[in-house]
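Enquirer: One file: coords17.txt (compact mmCIF, C-alpha atoms).
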# COMPACT_ATOMS: atom_id res chain seq x y z
CA MET A 9 167.75 169.57 87.37
CA ASP A 10 166.14 169.61 83.94
CA LYS A 11 162.57 168.53 83.34
CA GLU A 12 163.39 165.24 81.64
CA LYS A 13 165.44 164.10 84.65
CA LEU A 14 162.63 165.18 86.98
CA LEU A 15 160.15 163.16 84.91
CA LYS A 16 162.41 160.10 85.03
CA LYS A 17 162.75 160.58 88.78
CA LEU A 18 158.95 160.83 89.17
CA ILE A 19 158.46 157.67 87.11
CA ALA A 20 161.14 155.80 89.07
CA LYS A 21 159.61 156.86 92.39
CA PHE A 22 156.20 155.73 91.17
CA VAL A 23 157.38 152.35 89.90
CA ILE A 24 159.54 151.56 92.93
CA GLY A 25 157.01 152.83 95.46
CA GLN A 26 154.01 151.09 93.93
CA THR A 27 155.95 147.86 93.40
CA LEU A 28 157.10 147.76 97.01
CA ALA A 29 153.66 148.67 98.36
CA SER A 30 151.94 146.09 96.18
CA ALA A 31 154.50 143.43 97.11
CA PHE A 32 154.06 144.04 100.84
CA ILE A 33 150.27 143.98 100.56
CA PHE A 34 150.34 140.85 98.40
CA LEU A 35 152.72 138.95 100.69
CA TRP A 36 150.79 139.98 103.78
CA ILE A 37 147.40 138.85 102.43
CA PHE A 38 148.81 135.77 100.66
CA ALA A 39 150.58 134.53 103.79
CA HIS A 40 147.34 134.68 105.76
CA GLU A 41 145.00 133.29 103.13
CA TYR A 42 147.18 130.28 102.40
CA GLY A 43 147.88 129.46 106.04
CA TYR A 44 151.50 130.54 106.39
CA ILE A 45 150.67 132.82 109.32
CA SER A 46 147.90 132.70 111.91
CA LYS A 47 145.17 135.28 112.33
CA ASP A 48 146.97 136.81 115.32
CA GLN A 49 150.20 137.13 113.32
CA PHE A 50 148.20 138.59 110.44
CA ILE A 51 146.71 141.28 112.66
CA LYS A 52 150.00 142.05 114.41
CA SER A 53 151.94 142.26 111.16
CA GLY A 54 149.18 144.38 109.62
CA LEU A 55 149.34 146.81 112.52
CA ILE A 56 153.12 146.96 112.25
CA ILE A 57 152.95 147.57 108.50
CA PHE A 58 150.30 150.24 109.06
CA ALA A 59 152.35 151.97 111.79
CA VAL A 60 155.53 151.92 109.72
CA ALA A 61 153.66 153.27 106.68
CA ILE A 62 152.17 156.10 108.78
CA VAL A 63 155.56 157.01 110.27
CA PHE A 64 157.41 156.97 106.94
CA GLY A 65 154.53 158.69 105.16
CA THR A 66 154.50 161.47 107.74
CA ILE A 67 158.28 161.88 107.55
CA ASP A 68 158.12 161.95 103.74
CA TYR A 69 155.31 164.51 103.82
CA LEU A 70 157.04 166.77 106.33
CA LEU A 71 160.46 166.65 104.65
CA PHE A 72 159.71 166.42 100.96
CA ASN A 73 156.16 167.65 100.31
CA LYS A 74 157.06 171.14 99.05
CA LYS A 75 159.89 169.81 96.91
CA SER A 76 157.68 167.05 95.51
CA LYS A 77 154.93 169.52 94.58
CA LYS A 78 157.47 171.75 92.80
CA GLU A 79 158.86 168.76 90.90
CA ARG A 80 155.39 167.65 89.81
CA LEU A 81 154.53 171.18 88.73
CA ALA A 82 157.76 171.36 86.72
CA VAL A 83 157.05 168.16 84.78
CA MET A 84 153.36 168.83 84.10
CA PRO A 85 154.03 170.27 80.62
CA LEU A 86 155.77 166.97 79.74
CA ILE A 87 152.92 164.85 81.10
CA ILE A 88 149.98 166.78 79.71
CA SER A 89 149.05 166.10 76.10
CA ILE A 90 147.77 168.77 73.75
CA HIS A 91 144.61 166.68 73.50
CA ASP A 92 143.95 166.73 77.25
CA THR A 93 141.01 168.85 78.30
CA GLU A 94 139.54 169.31 81.74
CA GLU A 95 136.46 167.29 80.77
CA LYS A 96 138.50 164.35 79.46
CA LEU A 97 140.73 164.41 82.51
CA LYS A 98 137.73 164.47 84.86
CA LYS A 99 136.32 161.40 83.08
CA GLN A 100 139.71 159.72 83.30
CA LYS A 101 139.91 160.52 87.03
CA THR A 102 136.45 159.06 87.58
CA ILE A 103 137.39 155.89 85.71
CA LEU A 104 140.58 155.52 87.75
CA TYR A 105 138.70 155.96 91.03
CA VAL A 106 136.11 153.38 89.90
CA LEU A 107 138.94 150.96 89.04
CA TYR A 108 140.56 151.65 92.40
CA PHE A 109 137.31 150.98 94.25
CA THR A 110 136.51 147.89 92.16
CA PHE A 111 139.97 146.36 92.59
CA PHE A 112 140.05 147.21 96.30
CA VAL A 113 136.59 145.88 97.16
CA GLY A 114 136.66 142.99 94.68
CA GLY A 115 140.12 141.89 95.75
CA LEU A 116 139.34 142.19 99.43
CA THR A 117 136.00 140.39 99.11
CA PHE A 118 137.22 137.46 97.00
CA ARG A 119 140.81 137.19 98.26
CA SER A 120 140.26 133.63 99.50
CA VAL A 121 138.96 132.44 96.09
CA SER A 122 142.12 132.96 94.03
CA VAL A 123 145.52 134.60 94.01
CA VAL A 124 144.26 136.82 91.19
CA PHE A 125 141.99 138.64 93.63
CA ILE A 126 144.88 139.13 96.04
CA VAL A 127 146.86 140.67 93.18
CA MET A 128 143.88 142.90 92.36
CA PHE A 129 143.74 144.10 95.96
CA ALA A 130 147.52 144.63 96.04
CA VAL A 131 147.64 146.79 92.90
CA SER A 132 144.59 148.89 93.77
CA PRO A 133 146.65 151.72 95.38
CA CYS A 134 148.30 152.24 91.99
CA PHE A 135 144.99 153.43 90.53
CA ASN A 136 144.57 155.85 93.42
CA PHE A 137 148.02 157.33 92.75
CA MET A 138 147.24 157.71 89.05
CA ALA A 139 143.90 159.36 89.85
CA ASN A 140 145.71 161.83 92.10
CA LEU A 141 148.16 162.56 89.29
CA VAL A 142 145.25 163.23 86.93
CA ASN A 143 143.80 165.53 89.58
CA ASP A 144 147.11 167.45 89.57
CA LYS A 145 146.84 167.70 85.77
CA ILE A 146 143.35 169.17 86.11
CA LYS A 147 144.54 171.73 88.64
CA TYR A 148 147.46 172.60 86.37
CA LEU A 149 145.16 173.15 83.38
CA GLU A 150 142.76 175.24 85.47
CA ASN A 151 145.64 177.49 86.55
CA LYS A 152 147.44 177.31 83.22
CA PRO A 153 150.53 179.52 83.19
CA GLU A 154 150.67 182.31 80.65
CA GLY A 155 152.35 181.43 77.36
CA LEU A 156 151.13 177.85 77.31
CA ASN A 157 149.65 177.22 73.86
CA PHE A 158 147.41 174.27 74.58
Mind turning this structure into structure tokens?

Expert:
Amino acid sequence: MDKEKLLKKLIAKFVIGQTLASAFIFLWIFAHEYGYISKDQFIKSGLIIFAVAIVFGTIDYLLFNKKSKKERLAVMPLIISIHDTEEKLKKQKTILYVLYFTFFVGGLTFRSVSVVFIVMFAVSPCFNFMANLVNDKIKYLENKPEGLNF
């Protein structure tokens, strides 16, 4: 598979995965905060969602981790800009982690105030994924393959 197809596949996996995760989190929190489900149902459904996520995450890790790492490594030259430096990427990673923490804590703390805070909480994992991708970029630049001109 060529690199452009791998990049499209990575983007599609990101968009679909983050959309589904955010939707589940949003619906779960929204249903509780606006009285559609009781506290007991909220806890039970949260535990079920958590268990299913752990099972599928473990299966995904065991089956596809090596392949996923190779795919990410293959598309890194397409993702990394010639203007990216390790210092800039480290700042970007810090900003993404701060956004993740802010959205997570802010959304969780003020979820009963407005739907906007529930949305903030629901999209917070997206920032964590992007920070991890930036971390992969940093590792790639640190171990830059020979012949790379940037």

Enquirer: Which neighbours of range 57-66 of chain A fall inside 10 Å, counting all atoms listed in the file, when residues of the same chain fewer than 4 positions from it are skipped, and could you give them as a PyMOL selection string?

Expert: chain A and resi 29+32-33+36+51-53+70-73

Enquirer: For Leu97 in chain A, work out the shell of residues within 8 Å, counting all atoms listed in the file and skipping chain neighbours fewer than 3 positions away, then give it as a PyMOL selection string.

Expert: chain A and resi 92-94+100-101+142-143+145-146

Enquirer: Just checking: using all atoms listed in the file, which residue out of A:Lys78, A:Tyr69, A:Glu150, A:Ala130 ends up closest to Leu35 in chain A?

Expert: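 Ranked by minimum distance to Leu35 in chain A, first place goes to A:Ala130.
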
Enquirer: Show which residues sit within 9 Å of range 110-121 of chain A, as a tab-separated table (two decimals) with C-alpha atoms, in the coordinates of the input. Count all atoms listed in the file, and ignore same-chain residues fewer than 6 positions away.

Expert:
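As a result, result08.tsv now contains:
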chain	number	residue	atom	x	y	z
A	37	ILE	CA	147.40	138.85	102.43
A	38	PHE	CA	148.81	135.77	100.66
A	41	GLU	CA	145.00	133.29	103.13
A	42	TYR	CA	147.18	130.28	102.40
A	127	VAL	CA	146.86	140.67	93.18
A	128	MET	CA	143.88	142.90	92.36
A	129	PHE	CA	143.74	144.10	95.96
A	130	ALA	CA	147.52	144.63	96.04
A	131	VAL	CA	147.64	146.79	92.90
A	132	SER	CA	144.59	148.89	93.77
A	133	PRO	CA	146.65	151.72	95.38
A	135	PHE	CA	144.99	153.43	90.53

Enquirer: Rounded to one decimal, what separation in Å do you get between CA of Phe50 in chain A and CA of Thr27 in chain A?

Expert: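 According to the coordinates, CA of Phe50 in chain A and CA of Thr27 in chain A are separated by 20.9 Å.
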
Enquirer: May I ask which of the residues A:Lys47, A:Leu149, A:Asp144, A:Phe137 is the closest one to Gly25 in chain A, counting all atoms listed in the file?

Expert: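 When distances to Gly25 in chain A are compared using all atoms listed in the file, the smallest one comes from A:Phe137.
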
Enquirer: Could you work out how far CA of Lys77 in chain A lies from CA of Val106 in chain A, giving the answer in Å with one decimal?

Expert: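 Atom-to-atom, CA of Val106 in chain A and CA of Lys77 in chain A are spaced 25.2 Å apart.
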
Enquirer: Box for range 95-108 of chain A - axis-aligned, 8 Å on each of the six sides, all listed atoms - centre and size in Å to one decimal, as AutoDock Vina command-line options.

Expert:
--center_x 138.4 --center_y 159.1 --center_z 85.9 --size_x 20.6 --size_y 32.3 --size_z 28.9

Enquirer: Could you tell me how far CA of Leu28 in chain A sits from CA of His40 in chain A, in Å to one decimal place?

Expert: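 A separation of 18.5 Å between them.
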
Enquirer: Which of these, A:Gly54, A:Asp68, A:Asp10, A:Leu104, has the shortest distance to Phe34 in chain A once you count all atoms listed in the file?

Expert: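 Checking each of A:Gly54, A:Asp68, A:Asp10, A:Leu104 against Phe34 in chain A, counting all atoms listed in the file, the winner is A:Gly54.
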
Enquirer: Can you give me N, CA and C atoms for range 87-106 of chain A, written as a tab-separated table (two decimals), in the coordinates of the input?

Expert:
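Okay, this is what ended up in part_5.tsv:
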chain	number	residue	atom	x	y	z
A	87	ILE	N	153.92	165.90	80.88
A	87	ILE	CA	152.92	164.85	81.10
A	87	ILE	C	151.63	165.14	80.35
A	88	ILE	N	151.25	166.40	80.30
A	88	ILE	CA	149.98	166.78	79.71
A	88	ILE	C	150.08	166.78	78.18
A	89	SER	N	149.12	166.15	77.56
A	89	SER	CA	149.05	166.10	76.10
A	89	SER	C	148.30	167.32	75.59
A	90	ILE	N	148.52	167.65	74.33
A	90	ILE	CA	147.77	168.77	73.75
A	90	ILE	C	146.30	168.41	73.58
A	91	HIS	N	145.99	167.13	73.65
A	91	HIS	CA	144.61	166.68	73.50
A	91	HIS	C	143.87	166.59	74.84
A	92	ASP	N	144.59	166.80	75.94
A	92	ASP	CA	143.95	166.73	77.25
A	92	ASP	C	143.11	167.98	77.50
A	93	THR	N	141.88	167.76	77.88
A	93	THR	CA	141.01	168.85	78.30
A	93	THR	C	140.54	168.52	79.72
A	94	GLU	N	140.01	169.52	80.38
A	94	GLU	CA	139.54	169.31	81.74
A	94	GLU	C	138.44	168.25	81.79
A	95	GLU	N	137.55	168.26	80.79
A	95	GLU	CA	136.46	167.29	80.77
A	95	GLU	C	136.99	165.86	80.60
A	96	LYS	N	137.92	165.68	79.68
A	96	LYS	CA	138.50	164.35	79.46
A	96	LYS	C	139.24	163.87	80.70
A	97	LEU	N	139.97	164.79	81.32
A	97	LEU	CA	140.73	164.41	82.51
A	97	LEU	C	139.80	164.07	83.68
A	98	LYS	N	138.69	164.78	83.79
A	98	LYS	CA	137.73	164.47	84.86
A	98	LYS	C	137.11	163.09	84.64
A	99	LYS	N	136.82	162.74	83.39
A	99	LYS	CA	136.32	161.40	83.08
A	99	LYS	C	137.37	160.35	83.40
A	100	GLN	N	138.61	160.65	83.04
A	100	GLN	CA	139.71	159.72	83.30
A	100	GLN	C	139.89	159.53	84.82
A	101	LYS	N	139.78	160.61	85.57
A	101	LYS	CA	139.91	160.52	87.03
A	101	LYS	C	138.79	159.67	87.61
A	102	THR	N	137.58	159.85	87.11
A	102	THR	CA	136.45	159.06	87.58
A	102	THR	C	136.66	157.58	87.28
A	103	ILE	N	137.13	157.28	86.08
A	103	ILE	CA	137.39	155.89	85.71
A	103	ILE	C	138.46	155.28	86.61
A	104	LEU	N	139.52	156.04	86.89
A	104	LEU	CA	140.58	155.52	87.75
A	104	LEU	C	140.09	155.28	89.17
A	105	TYR	N	139.25	156.17	89.69
A	105	TYR	CA	138.70	155.96	91.03
A	105	TYR	C	137.76	154.75	91.06
A	106	VAL	N	136.99	154.55	89.98
A	106	VAL	CA	136.11	153.38	89.90
A	106	VAL	C	136.96	152.10	89.86
